[in-house]
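Student: Take this structure first; my questions come after.
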There are 2 protein chains.
Amino acid sequence: MSTIHTVAARAGVSSATVSRVMNEPHKVRETTRLKVEQAMRELDFSRNSFAASLASRRSNCVGLVVPHLSSAFFAPLVNEIENAVSAVGSYLAITCGKNSQSEVAGGLQFLRQRRCDAIILYPGELTDQALADILRNNPHVVVIHRTVPGFEARCVQLDNPSGGRLAAEYLLGCGHRAIGVIAGPNSNPESMQRLAAFRKSLRAAGVKLPASQVVEGDFHFESGRQCMAALRAAQPALTAVFCLNDQMAFGALNYCRAAGIDVPSQLSLVGFDDVEYADLIQPRLTTVHHPVAALARTAAQLALRLAMGETLTEAQGLLEPRLVVRDSVQPCSKA
Amino acid sequence: MSTIHTVAARAGVSSATVSRVMNEPHKVRETTRLKVEQAMRELDFSRNSFAASLASRRSNCVGLVVPHLSSAFFAPLVNEIENAVSAVGSYLAITCGKNSQSEVAGGLQFLRQRRCDAIILYPGELTDQALADILRNNPHVVVIHRTVPGFEARCVQLDNPSGGRLAAEYLLGCGHRAIGVIAGPNSNPESMQRLAAFRKSLRAAGVKLPASQVVEGDFHFESGRQCMAALRAAQPALTAVFCLNDQMAFGALNYCRAAGIDVPSQLSLVGFDDVEYADLIQPRLTTVHHPVAALARTAAQLALRLAMGETLTEAQGLLEPRLVVRDSVQPCSKA
DNA sequence: GTGAAAGCGCTAACAA
DNA sequence: TTGTTAGCGCTTTCAC
């Protein structure tokens, strides 16, 4: 494979000129630029990015750590990040961390070896403490989907409490008073934030949410089924259930169908995220829209700014959720 | 940031030894290995992968070219490939090609600069001719989801005709004779292969499939809606429709719902791929299962073998689809 | 088992 | 505008 030296020799210039043609073409006279480009074509030259990165100390690479790529939530997120990153000529190195702290650490180490100009980290179940350590030691990391105290400038996140409130107010407005919750893992801060705000809104309306009406899921379909079964067994009189993501809402719906419970006439259901097929299932799912594309774009922009050597100081605002009313909630008949 | 030289100095050895500790630890005495590892920890050393790749001429990187990451079809595919690649300590560099020939070429060029040890290419709408050129010039490329004549050893694909046959035979077995098709783009060979086999099976049973009963879609949801509308307008007497992917089947279903056509009692529907939520919608979609995970794993294995310097010679077998019978097809009442 | 030294292919002063 | 040159941080013979 040819190098800038072979190209230089063929074009009758020095290798520095060849390098300039690639990096600062305006600094070289057009006639010699044409000669060099001609030589490149003839030799089927392709720049070795390792050598370039080694010498320039820039990788043109943004690293991404996510639990996995296959869900309706992560796939669009990653897709959007890829678009933003490749739009500026950088590329994305993806590492799947499976949520666990050790795997995330491994992924980070991996990306560090690649000398990524910036890294976008989805925290999964990592604690704020662990994240703060990471952010402190890695000035070019941005966290997506969490705000770590003390590092607000490098965190972008949905306003989770606002999302919880939206769901609560809508259900209350429809007259529901006996409400259950299928939550995410207790170790998941995002879920807990939504739930806390949800509970607070209910309380403000004089509605109680005892522990027996809240079951802990794991954000996956199957868990939604099982939680719904458990909830139904323990609390048959509930008229509505709030699921902390759509995937679990689908599971819950699936259980209801199998158990002969009609949604929404016998039971109302609200999801969270508004993934692509929330609109496709029957009944169409009423859910809290999570602006994932905006989240991804914002994170990518921050990462790209860090990659350019900028230091971020101003705190990022929270992204606003909004309620998408479809068909899975009905006014409470017992209202 | 520390280098092997700082580490070497601190451990009182040469840099060659530090390199050996990372790459061939068995070739260095345990006591000196421990000393070196200690020094690495103290200096928070992280190997510069660019320098390593430059010197060793191996990138430990597998490239992937796909149209995008966000669909229910591609997300699991990419996820599976990532798993396989990271399992052997390599990493995945992803490029989204948006299907077009020029974008794919750009992606390939991009990956070439990264000196990927191997590349997995999803061909989108590229012609066999274009693919053959790429394969000829790039011995370390594997094509996924297509078999390019002359390069069978580096192609892994579903048995598309078999899939088309499965759908046809099932529909025929249910007594359907007036059958429509929502196809993929005419430029898409996979879709055409399925359709040809589907048509052939119908013909063998004495059932005709005139052009007026086949509409061309683009594999997306919205196109499924529109094609269903068109089909229904032109051919109101159809009792069943075969959709060449699930996404379009969802669109078709959506149209039927809006138009008051009950599936399956008034119209039967068969999809293709069996994506995650084929099982979640109502009615559950009867569809041809596409073993995407196996496809991905096989492609990744081939790529990894190419990365090891192997030359692939034996032709890869086709993956077998299978019919998943759920609720969207009913025996034809006019049978 | 360990070290010396010559690159890998490029970038980035600095000179000319 | 172009060339000279000294690295970037690692791997890899080849000696010892």
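Residue numbers start at 1 in each chain; chains themselves are named A, B, ... in the order of the structure tokens; ligands are numbered from 1 in the order shown.
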What's around range 87-104 of chain B at 6 Å? Count only C-alpha atoms (C1' of nucleotides), leave out sequence neighbours fewer than 6 positions away in its own chain, and write the answer as a list in words.
Tutor: Ala93 of chain A; Asn60, Cys61, Val62, Gly63, Leu64, Val65, Val66, Pro67, His68, Gly124 and Glu125 of chain B
Student: Write out the residues from the selection above, keeping C-alpha atoms, as a CSV table (one decimal), in the first residue's frame.
Tutor:
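Printed below is again35.csv as written:
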chain,number,residue,atom,x,y,z
A,93,ALA,CA,-16.6,3.8,18.2
B,60,ASN,CA,-8.2,-4.9,15.7
B,61,CYS,CA,-11.1,-3.2,14.1
B,62,VAL,CA,-14.0,-4.7,12.1
B,63,GLY,CA,-15.8,-2.2,9.9
B,64,LEU,CA,-19.5,-2.3,9.3
B,65,VAL,CA,-21.5,-0.6,6.5
B,66,VAL,CA,-25.3,-0.5,7.0
B,67,PRO,CA,-28.0,1.8,5.7
B,68,HIS,CA,-28.9,3.0,9.2
B,124,GLY,CA,-28.7,-2.1,0.3
B,125,GLU,CA,-29.6,-1.3,-3.3
Student: Find the spatial neighbours of range 2-15 of chain D, counting only C-alpha atoms (C1' of nucleotides), within a cut-off of 6 Å - ignore same-chain residues fewer than 2 positions away - and output them as an mmCIF file with N, CA and C atoms, in the first residue's frame.
Tutor:
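What landed in part.cif:
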data_model
loop_
_atom_site.group_PDB
_atom_site.id
_atom_site.type_symbol
_atom_site.label_atom_id
_atom_site.label_comp_id
_atom_site.auth_asym_id
_atom_site.auth_seq_id
_atom_site.Cartn_x
_atom_site.Cartn_y
_atom_site.Cartn_z
ATOM 1 N N LEU A 54 -1.588 9.454 15.317
ATOM 2 C CA LEU A 54 -0.422 9.389 16.200
ATOM 3 C C LEU A 54 0.352 10.701 16.153
ATOM 4 N N ALA A 55 0.560 11.190 14.957
ATOM 5 C CA ALA A 55 1.347 12.406 14.807
ATOM 6 C C ALA A 55 0.573 13.645 15.242
ATOM 7 N N ALA B 51 -0.400 3.994 17.835
ATOM 8 C CA ALA B 51 1.006 3.609 17.699
ATOM 9 C C ALA B 51 1.107 2.099 17.540
ATOM 10 N N ALA B 52 0.311 1.378 18.313
ATOM 11 C CA ALA B 52 0.354 -0.083 18.236
ATOM 12 C C ALA B 52 -0.063 -0.558 16.852
ATOM 13 N N ALA B 55 2.550 0.304 14.137
ATOM 14 C CA ALA B 55 3.735 -0.540 14.155
ATOM 15 C C ALA B 55 3.420 -1.987 13.783
ATOM 16 N N SER B 56 2.295 -2.462 14.242
ATOM 17 C CA SER B 56 1.995 -3.889 14.034
ATOM 18 C C SER B 56 1.235 -4.156 12.748
#
Student: Quick one: pick out all strand (DSSP E or B) residues within range 143-289 of chain B from a backbone DSSP run and write them as a list in words.
Tutor: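 The strand (DSSP E or B) residues within range 143-289 of chain B come out as Val143, Ile144, Cys155, Val156, Leu158, Ile179, Gly180, Val181, Ile182, Ala183, Val214, Val215, Glu216, Ala240, Val241, Phe242, Cys243, Ser268, Leu269, Val270, Gly271, Phe272, Asp273, Thr286, Thr287, Val288 and His289 of chain B.
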Student: Please produce a file of the residues just selected, as a PDB file, in the first residue's frame, where the atoms kept are C-alpha atoms.
Tutor:
ATOM      1  CA  VAL B 143     -21.254  -9.255   2.231  1.00  0.00           C
ATOM      2  CA  ILE B 144     -24.240  -9.856   4.430  1.00  0.00           C
ATOM      3  CA  CYS B 155     -21.402 -13.922   1.293  1.00  0.00           C
ATOM      4  CA  VAL B 156     -23.932 -14.939   3.867  1.00  0.00           C
ATOM      5  CA  LEU B 158     -31.035 -16.104   3.887  1.00  0.00           C
ATOM      6  CA  ILE B 179     -53.685 -12.946  -3.236  1.00  0.00           C
ATOM      7  CA  GLY B 180     -51.947  -9.576  -3.369  1.00  0.00           C
ATOM      8  CA  VAL B 181     -48.366  -8.614  -2.695  1.00  0.00           C
ATOM      9  CA  ILE B 182     -46.742  -5.559  -1.177  1.00  0.00           C
ATOM     10  CA  ALA B 183     -43.207  -5.916  -2.459  1.00  0.00           C
ATOM     11  CA  VAL B 214     -48.398  -6.532  -6.873  1.00  0.00           C
ATOM     12  CA  VAL B 215     -47.458  -3.068  -5.633  1.00  0.00           C
ATOM     13  CA  GLU B 216     -43.975  -1.798  -5.014  1.00  0.00           C
ATOM     14  CA  ALA B 240     -54.843 -12.299   1.468  1.00  0.00           C
ATOM     15  CA  VAL B 241     -51.775 -10.107   1.115  1.00  0.00           C
ATOM     16  CA  PHE B 242     -48.106 -11.055   1.379  1.00  0.00           C
ATOM     17  CA  CYS B 243     -45.868  -8.231   2.592  1.00  0.00           C
ATOM     18  CA  SER B 268     -55.266 -12.292   5.805  1.00  0.00           C
ATOM     19  CA  LEU B 269     -51.786 -10.860   6.088  1.00  0.00           C
ATOM     20  CA  VAL B 270     -48.348 -12.491   6.024  1.00  0.00           C
ATOM     21  CA  GLY B 271     -45.166 -10.606   6.807  1.00  0.00           C
ATOM     22  CA  PHE B 272     -41.463 -11.306   6.426  1.00  0.00           C
ATOM     23  CA  ASP B 273     -38.580 -11.085   8.940  1.00  0.00           C
ATOM     24  CA  THR B 286     -47.969 -14.500  10.943  1.00  0.00           C
ATOM     25  CA  THR B 287     -44.643 -14.059   9.244  1.00  0.00           C
ATOM     26  CA  VAL B 288     -41.573 -15.705   7.785  1.00  0.00           C
ATOM     27  CA  HIS B 289     -38.847 -15.802  10.391  1.00  0.00           C
TER      28      HIS B 289
END
Student: Taking only range 25-264 of chain B into account, list the residues labelled alpha helix (DSSP H) by DSSP (computed from the backbone), as a PyMOL selection string.
Tutor: chain B and resi 30-43+49-56+74-87+101-113+128-137+160-173+189-204+221-234+246-259
Student: Give me, please, the distance in Å between CA of Asn186 in chain B and CA of Ala211 in chain B, quoted to one decimal.
Tutor: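 CA of Ala211 in chain B lies 12.6 Å from CA of Asn186 in chain B.
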Student: Using only C-alpha atoms (C1' of nucleotides), what table do you get, as CSV, when you list each residue of chain B with an atom no more than 9 Å from chain C, its nearest pair of atoms, and their distance in Å rounded to one decimal, rows by chain then rising number?
Tutor:
residue,atom,partner,partner_atom,distance
B:Val13,CA,C:DT2,C1',8.2
B:Ser14,CA,C:DG3,C1',6.2
B:Ser15,CA,C:DG3,C1',8.5
B:Ala16,CA,C:DG3,C1',7.2
B:Thr17,CA,C:DT2,C1',6.9
B:Lys27,CA,C:DG1,C1',7.3
B:Val28,CA,C:DG1,C1',6.1
B:Arg29,CA,C:DG1,C1',6.6
B:Ala51,CA,C:DC8,C1',8.3
B:Ser53,CA,C:DC8,C1',8.6
B:Leu54,CA,C:DC8,C1',5.1
B:Ala55,CA,C:DC8,C1',4.4
B:Ser56,CA,C:DC8,C1',7.5
B:Arg57,CA,C:DC8,C1',7.7
Student: List the spatial neighbours of Ala72 in chain A as a list of chain:residue names - criterion: any atom at most 9 Å away, only C-alpha atoms (C1' of nucleotides), same-chain residues fewer than 2 positions off excluded.
Tutor: A:Leu69, A:Ser70, A:Phe74, A:Ala75, A:Pro76, A:Leu77, A:Gln247, A:Val275, A:Glu276, A:Tyr277, B:Ser70, B:Ser71, B:Ala72, B:Ala75
Student: Nearest to Ala11 in chain A among A:Ser86, A:Arg232, A:Ile281, A:Glu37, with distances taken over only C-alpha atoms: which residue is it?
Tutor: A:Glu37
Student: For Glu42 in chain B, find every residue with an atom within 10 Å (counting only C-alpha atoms (C1' of nucleotides)), except residues of its own chain fewer than 4 positions away, and show them as a VMD selection string.
Tutor: chain B and resid 7 10 36 to 38
Student: How would the residues just picked look written out with N, CA and C atoms as a PDB file, in the first residue's frame?
Tutor:
ATOM      1  N   VAL B   7       7.029   4.077  31.539  1.00  0.00           N
ATOM      2  CA  VAL B   7       6.775   2.863  32.307  1.00  0.00           C
ATOM      3  C   VAL B   7       8.065   2.055  32.439  1.00  0.00           C
ATOM      4  N   ARG B  10      10.463   3.605  34.891  1.00  0.00           N
ATOM      5  CA  ARG B  10      10.046   3.413  36.276  1.00  0.00           C
ATOM      6  C   ARG B  10      10.239   1.967  36.748  1.00  0.00           C
ATOM      7  N   VAL B  36       6.596  -4.421  36.017  1.00  0.00           N
ATOM      8  CA  VAL B  36       6.077  -3.590  34.929  1.00  0.00           C
ATOM      9  C   VAL B  36       4.604  -3.248  35.173  1.00  0.00           C
ATOM     10  N   GLU B  37       3.836  -4.239  35.548  1.00  0.00           N
ATOM     11  CA  GLU B  37       2.404  -3.990  35.768  1.00  0.00           C
ATOM     12  C   GLU B  37       2.194  -2.983  36.888  1.00  0.00           C
ATOM     13  N   GLN B  38       3.031  -3.091  37.892  1.00  0.00           N
ATOM     14  CA  GLN B  38       2.986  -2.145  39.001  1.00  0.00           C
ATOM     15  C   GLN B  38       3.239  -0.726  38.487  1.00  0.00           C
TER      16      GLN B  38
END
Student: CA of Ala84 in chain B and CA of Gly163 in chain B, how far apart in Å?
Tutor: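 Separation between CA of Gly163 in chain B and CA of Ala84 in chain B: 26.2 Å.
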Student: Env of Thr313 in chain A: 12 Å cut, atoms = only C-alpha atoms (C1' of nucleotides), seq-sep filter 6 positions within chain, self excluded. Answer as a list in words.
Tutor: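 In the requested format, the answer is Pro139, Gly150, Phe151, Glu152, Ala153, Arg154, Cys155, Leu302, Arg305 and Leu306 of chain A.
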